[in-house]
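Asker: Sending over upload04.cif (mmCIF, C-alpha atoms).
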data_query
loop_
_atom_site.label_atom_id
_atom_site.label_comp_id
_atom_site.auth_asym_id
_atom_site.auth_seq_id
_atom_site.Cartn_x
_atom_site.Cartn_y
_atom_site.Cartn_z
CA MET A 1 177.25 76.24 71.14
CA ASN A 2 180.32 78.02 72.49
CA SER A 3 181.05 78.50 76.16
CA ARG A 4 179.61 82.02 76.20
CA GLU A 5 176.31 80.88 74.67
CA TRP A 6 176.23 77.92 77.03
CA THR A 7 176.71 80.19 80.04
CA THR A 8 173.98 82.54 78.81
CA SER A 9 171.55 79.65 78.38
CA VAL A 10 172.27 78.30 81.85
CA VAL A 11 171.82 81.74 83.42
CA THR A 12 168.54 82.31 81.49
CA LEU A 13 167.24 78.90 82.57
CA ALA A 14 168.21 79.62 86.17
CA LEU A 15 166.43 82.97 86.08
CA LEU A 16 163.35 81.34 84.60
CA CYS A 17 163.39 78.70 87.35
CA LEU A 18 163.82 81.35 90.02
CA GLY A 19 161.25 83.62 88.40
CA ALA A 20 158.41 81.12 88.46
CA PRO A 21 158.22 80.85 92.24
CA LEU A 22 158.72 84.60 92.54
CA ALA A 23 155.74 85.17 90.24
CA SER A 24 153.66 82.76 92.29
CA ALA A 25 154.61 84.57 95.47
CA ALA A 26 153.58 87.86 93.88
CA GLU A 27 150.23 86.39 92.90
CA VAL A 28 149.72 85.06 96.40
CA ALA A 29 150.61 88.45 97.87
CA GLY A 30 148.09 90.03 95.47
CA ASP A 31 145.41 87.59 96.53
CA ASP A 32 146.18 88.28 100.17
CA GLY A 33 145.83 91.99 99.54
CA LEU A 34 142.56 91.47 97.73
CA ALA A 35 141.26 89.19 100.48
CA ALA A 36 142.01 91.92 103.01
CA ALA A 37 140.33 94.51 100.79
CA LEU A 38 137.24 92.32 100.61
CA ARG A 39 137.20 91.45 104.29
CA ALA A 40 137.34 95.13 105.26
CA PRO A 41 133.85 96.17 104.08
CA VAL A 42 132.33 93.10 105.75
CA ALA A 43 134.07 93.79 109.06
CA GLU A 44 133.30 97.51 108.84
CA SER A 45 129.64 96.98 108.01
CA ILE A 46 129.36 94.64 110.99
CA ALA A 47 131.03 97.21 113.24
CA ALA A 48 128.63 99.88 111.97
CA TYR A 49 125.70 97.54 112.53
CA GLY A 50 126.80 97.07 116.13
CA LYS A 51 126.63 100.84 116.59
CA LYS A 52 123.23 100.96 114.87
CA ASP A 53 124.89 103.14 112.27
CA ALA A 54 122.79 102.53 109.17
CA ALA A 55 124.73 105.00 107.02
CA GLY A 56 128.00 103.36 108.00
CA ALA A 57 126.71 99.87 107.25
CA LEU A 58 125.23 100.97 103.93
CA SER A 59 128.42 102.72 102.87
CA ARG A 60 130.03 99.29 102.52
CA ILE A 61 127.31 98.10 100.13
CA ASP A 62 127.44 99.02 96.45
CA THR A 63 124.68 101.55 95.86
CA ARG A 64 123.76 99.78 92.61
CA SER A 65 123.35 96.43 94.35
CA PRO A 66 119.91 94.85 93.82
CA ASP A 67 119.87 94.35 97.60
CA TYR A 68 120.79 97.91 98.59
CA GLU A 69 117.28 99.31 99.05
CA SER A 70 115.87 96.26 100.81
CA THR A 71 118.84 96.21 103.17
CA LYS A 72 118.44 99.91 103.86
CA LEU A 73 114.78 99.42 104.77
CA ALA A 74 115.57 96.36 106.88
CA LEU A 75 118.27 98.22 108.80
CA ASP A 76 115.86 101.00 109.69
CA GLU A 77 113.32 98.47 110.94
CA GLN A 78 115.85 96.33 112.77
CA PHE A 79 117.47 99.24 114.59
CA LYS A 80 114.02 100.19 115.88
CA ASP A 81 112.86 96.71 116.83
CA LEU A 82 115.92 94.61 117.59
CA ASP A 83 118.96 94.74 119.81
CA VAL A 84 121.43 92.28 118.35
CA THR A 85 125.15 92.10 117.77
CA ALA A 86 126.96 90.56 114.82
CA GLU A 87 130.45 89.21 114.43
CA LEU A 88 132.49 87.89 111.54
CA VAL A 89 133.27 84.26 112.27
CA ASP A 90 135.09 83.25 109.11
CA PHE A 91 136.13 84.78 105.80
CA ASP A 92 137.60 82.78 102.92
CA TYR A 93 138.53 84.53 99.71
CA ILE A 94 137.55 82.46 96.67
CA GLY A 95 138.45 84.38 93.53
CA HIS A 96 137.79 87.31 91.25
CA ASP A 97 137.59 88.57 87.68
CA ASP A 98 137.93 92.11 86.39
CA GLU A 99 134.66 93.25 87.89
CA PHE A 100 133.54 91.01 90.72
CA ALA A 101 135.17 89.09 93.57
CA VAL A 102 133.77 86.25 95.63
CA ALA A 103 134.30 85.04 99.19
CA ARG A 104 132.69 82.63 101.60
CA VAL A 105 131.60 84.37 104.77
CA LYS A 106 130.28 83.13 108.09
CA MET A 107 128.60 85.70 110.28
CA LYS A 108 127.15 85.15 113.74
CA THR A 109 124.22 87.22 115.00
CA THR A 110 123.34 87.19 118.69
CA GLY A 111 120.39 88.71 120.51
CA LYS A 112 120.11 89.80 124.09
CA PRO A 113 119.34 87.01 126.58
CA LYS A 114 115.60 86.27 126.82
CA SER A 115 114.90 88.60 123.92
CA GLY A 116 113.40 85.77 121.92
CA PHE A 117 115.95 86.25 119.18
CA ALA A 118 117.20 83.04 117.55
CA ASP A 119 120.98 83.36 117.65
CA ASN A 120 122.34 82.14 114.36
CA THR A 121 125.36 81.79 112.13
CA VAL A 122 124.79 82.44 108.45
CA ASP A 123 127.11 80.71 106.01
CA SER A 124 127.02 82.49 102.67
CA ILE A 125 128.75 83.24 99.42
CA MET A 126 129.28 86.98 99.22
CA ILE A 127 129.89 88.79 95.95
CA PHE A 128 131.79 92.08 95.88
CA HIS A 129 131.90 94.83 93.28
CA TYR A 130 134.47 97.57 92.87
CA GLN A 131 132.86 101.00 93.28
CA ASP A 132 134.39 104.44 93.87
CA GLY A 133 137.88 103.09 94.48
CA ALA A 134 136.89 100.40 96.94
CA TRP A 135 135.46 96.91 97.02
CA LYS A 136 131.90 96.87 98.29
CA ILE A 137 129.35 94.19 99.03
CA TRP A 138 127.19 93.47 95.99
CA THR A 139 124.99 90.57 97.04
CA GLU A 140 124.93 87.46 99.15
CA LYS A 141 123.65 83.93 98.69
CA VAL A 142 122.86 82.03 101.87
CA LEU A 143 124.22 78.48 101.85
CA GLY A 144 122.95 77.50 105.28
CA VAL A 145 122.00 78.77 108.71
CA GLU A 146 122.99 77.30 112.05
CA ILE A 147 120.71 78.11 114.95
CA ALA A 148 122.24 78.07 118.41
CA LYS A 149 119.96 76.24 120.83
CA MET B 1 123.72 71.78 120.73
CA LYS B 2 123.00 73.21 117.38
CA ARG B 3 120.77 72.06 114.61
CA PHE B 4 121.30 72.79 111.02
CA LEU B 5 118.28 74.53 109.67
CA VAL B 6 118.32 72.89 106.31
CA THR B 7 117.61 69.57 107.99
CA SER B 8 114.50 71.03 109.56
CA ILE B 9 112.90 70.89 106.15
CA GLY B 10 112.29 67.29 107.16
CA LEU B 11 110.20 68.51 110.09
CA ALA B 12 108.07 70.50 107.74
CA MET B 13 107.61 67.41 105.62
CA LEU B 14 105.98 65.68 108.61
CA PHE B 15 103.01 67.86 107.94
CA GLY B 16 101.46 66.19 104.97
CA ALA B 17 98.57 68.61 105.09
CA ALA B 18 100.24 70.99 102.73
CA THR B 19 97.51 72.48 100.65
CA GLY B 20 97.13 74.03 97.25
CA TRP B 21 95.75 77.08 99.04
CA ALA B 22 99.11 77.77 100.58
CA ARG B 23 100.69 77.59 97.17
CA SER B 24 98.29 80.00 95.52
CA TRP B 25 97.31 82.61 98.18
CA THR B 26 99.04 85.93 97.75
CA PRO B 27 98.77 89.02 99.93
CA VAL B 28 97.39 92.17 98.31
CA ILE B 29 100.11 94.77 97.91
CA ASP B 30 99.33 98.44 97.34
CA THR B 31 102.15 99.78 95.21
CA TYR B 32 100.79 103.34 95.00
CA GLY B 33 103.61 105.75 95.74
CA SER B 34 105.92 102.89 96.70
CA SER B 35 109.61 103.12 95.85
CA ARG B 36 109.73 99.34 96.26
CA ALA B 37 107.13 98.55 93.58
CA GLN B 38 109.73 97.18 91.20
CA TYR B 39 110.69 94.52 93.76
CA VAL B 40 107.18 93.23 94.45
CA ASP B 41 107.46 90.18 92.19
CA ARG B 42 110.85 89.17 93.51
CA ASP B 43 109.83 89.69 97.14
CA LEU B 44 106.56 87.79 96.64
CA ARG B 45 108.52 84.86 95.29
CA GLU B 46 111.03 84.88 98.11
CA CYS B 47 108.50 85.51 100.88
CA ARG B 48 106.29 82.71 99.57
CA GLY B 49 109.23 80.35 100.01
CA LEU B 50 109.72 81.49 103.58
CA ALA B 51 106.03 81.40 104.39
CA GLN B 52 105.65 77.90 103.01
CA GLN B 53 108.35 76.78 105.39
CA ALA B 54 106.81 78.64 108.31
CA GLY B 55 103.37 77.33 107.50
CA GLY B 56 104.44 73.72 107.32
CA ASP B 57 104.11 73.36 103.58
CA SER B 58 106.44 70.64 102.42
CA THR B 59 106.89 72.46 99.14
CA GLY B 60 108.86 75.08 100.98
CA GLN B 61 112.24 73.56 100.29
CA GLY B 62 114.86 76.18 99.67
CA ALA B 63 113.08 78.63 101.92
CA TRP B 64 116.15 79.14 104.01
CA GLY B 65 117.92 80.47 101.00
CA ALA B 66 115.00 82.76 100.34
CA LEU B 67 115.06 83.82 103.97
CA GLY B 68 118.30 85.67 103.50
CA GLY B 69 117.39 86.88 100.05
CA GLY B 70 117.28 90.60 99.48
CA LEU B 71 119.41 91.45 102.49
CA VAL B 72 123.17 91.56 102.80
CA GLY B 73 125.52 91.65 105.76
CA ALA B 74 124.37 91.57 109.35
CA ALA B 75 120.84 92.54 108.30
CA GLY B 76 120.34 89.03 106.90
CA GLY B 77 121.26 87.23 110.12
CA ALA B 78 119.18 89.66 112.15
CA ALA B 79 116.14 89.07 109.94
CA ILE B 80 116.57 85.31 110.23
CA GLY B 81 116.97 85.46 114.02
CA ALA B 82 113.91 87.66 114.39
CA ALA B 83 111.84 85.52 112.06
CA LEU B 84 112.76 82.22 113.68
CA GLY B 85 112.66 83.50 117.24
CA ASN B 86 109.94 85.71 118.59
CA ALA B 87 111.73 89.03 118.74
CA GLY B 88 110.42 92.25 117.35
CA ARG B 89 108.33 92.22 114.22
CA GLY B 90 109.32 88.68 113.42
CA ALA B 91 107.09 87.45 116.23
CA ALA B 92 104.37 86.14 113.98
CA VAL B 93 106.78 84.29 111.78
CA GLY B 94 108.59 82.94 114.82
CA ALA B 95 105.41 81.60 116.32
CA ALA B 96 104.61 79.85 113.08
CA ALA B 97 108.04 78.28 112.83
CA GLY B 98 107.77 77.15 116.45
CA GLY B 99 104.46 75.59 115.64
CA ILE B 100 106.17 73.32 113.18
CA THR B 101 108.64 71.95 115.68
CA ARG B 102 106.03 71.55 118.39
CA GLY B 103 103.75 69.67 116.09
CA VAL B 104 100.90 72.10 116.55
CA GLY B 105 98.86 72.46 113.49
CA GLY B 106 96.35 71.06 111.14
CA ALA B 107 95.75 72.45 107.72
CA SER B 108 93.82 75.55 108.79
CA GLN B 109 96.42 76.54 111.36
CA SER B 110 99.10 75.90 108.75
CA ASN B 111 97.28 78.14 106.31
CA ARG B 112 96.95 80.93 108.87
CA ASN B 113 100.63 80.64 109.66
CA PHE B 114 101.45 80.74 105.99
CA ALA B 115 99.36 83.86 105.36
CA GLN B 116 100.69 85.63 108.44
CA ALA B 117 104.29 84.78 107.62
CA PHE B 118 103.82 85.80 103.99
CA SER B 119 102.29 89.19 104.90
CA ASN B 120 104.82 89.80 107.64
CA CYS B 121 107.71 89.07 105.31
CA MET B 122 106.39 91.51 102.69
CA ARG B 123 105.90 94.25 105.28
CA GLN B 124 109.42 93.70 106.56
CA ARG B 125 110.64 94.34 103.03
CA GLY B 126 108.89 97.69 102.91
CA HIS B 127 105.67 96.87 101.07
CA GLN B 128 102.20 98.12 101.98
CA VAL B 129 100.24 94.92 102.66
CA LEU B 130 96.44 95.27 102.77
CA ASN B 131 95.57 91.84 104.17
#
In structure tokens, how does this file's structure come out?
Answerer:
Amino acid sequence: MNSREWTTSVVTLALLCLGAPLASAAEVAGDDGLAAALRAPVAESIAAYGKKDAAGALSRIDTRSPDYESTKLALDEQFKDLDVTAELVDFDYIGHDDEFAVARVKMKTTGKPKSGFADNTVDSIMIFHYQDGAWKIWTEKVLGVEIAK
Amino acid sequence: MKRFLVTSIGLAMLFGAATGWARSWTPVIDTYGSSRAQYVDRDLRECRGLAQQAGGDSTGQGAWGALGGGLVGAAGGAAIGAALGNAGRGAAVGAAAGGITRGVGGASQSNRNFAQAFSNCMRQRGHQVLN
């Protein structure tokens, strides 16, 4: 190996060493962007719920979701019968494939004082699906519920 | 102080009067003209889980998962809060759940709670319940 080849090898190795952390950073940045894109429909649906805006809340749920119709019906009933507020307590992005993404979500729901509503925090795994250029809520699996006493 | 609901399954287990009736009774659903007819089986399964918990049936483990089933987002927490409290249309279910923690019961009361919770849950999901 002559000096020119040696120099080329060293430079290539250095670039490879530098490139690995750069690639990781890019992946992290991508995950951060995806996490934000997943958090948005959750936060926006909660904001819409707070305004008793059923259309707004439903617009963040994939229309092909198996839970879309039941949620739509429940929203209509709840906006008539209940006066509660919801807030996003925690959101942890977990992962994704080409079609679905998954996050762990904690959401607190609070009723008016003396309304008889059991204030609670639902801890769930939420699955998202990409529809019409945006990530939307697909379904949710409840892991546990904390009731505030 | 907060209590984790999953642990309250133990409270339900204090009521050893869980009956076969509570496992087999099913509300009559009229699906005529219903856009929700295709979900009857799924909702019956999930509501039975909830009702077993509300009625003090120790076989109701996993009901809390079923409680949130079928709803996503804030609607799930609102349904749970209404069902376990006594707000709005969840009043009947709330009373039944309270009965568990207060130790009020007996098999017949448990059965009534179960049936009421089961029917209430199905109505909340948009089904026409006849009994």
Asker: What's the separation between atom CA of A:Val105 and atom CA of B:Arg125, in Å to one decimal place?
Answerer: 23.3 Å
Asker: Quick one: everything within 6 Å of stretch 38-50 of chain A, counting all atoms listed in the file, minus sequence neighbours fewer than 6 positions away in the same chain. Send it as a list in words.
Answerer: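 Result of the neighbour search: Gly56, Ala57, Arg60 and Thr85 of chain A.
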Asker: Please identify all polymer residues within 9 Å of A:Glu99, counting all atoms listed in the file, omitting same-chain residues fewer than 2 positions from it, and present them as a PyMOL selection string.
Answerer: chain A and resi 96-97+101+128-130
Asker: By how many Å are atom CA of A:Lys80 and atom CA of B:Phe118 apart?
Answerer: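 Atom CA of B:Phe118 lies 21.3 Å from atom CA of A:Lys80.
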Asker: What would the selection look like, as a ChimeraX atom specification, if the PyMOL selection byres ((chain A) within 7 of (chain B)) were run on the coordinates I just shared?
Answerer: /A:42,46,49,67,70-71,73-75,81-82,86,109,115-120,122,139-140,142-149
Asker: Between atom CA of A:Pro66 and atom CA of A:Asp32, what is the distance in Å, rounded to a tenth?
Answerer: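 Atom CA of A:Asp32 lies 27.8 Å from atom CA of A:Pro66.
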Asker: Suppose a student applies the PyMOL selection byres ((chain B and resi 41) around 12) to this structure; what residues should they get, written as a PyMOL selection string?
Answerer: chain B and resi 26-29+31+36-40+42-48+122+127
Asker: Applied to the shown file, which residues does the PyMOL selection byres ((chain A and resi 107) around 6) return, written as a list in words?
Answerer: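 On this input, the PyMOL selection byres ((chain A and resi 107) around 6) captures Glu87, Leu88, Val89, Lys106, Lys108, Thr121 and Val122 of chain A.
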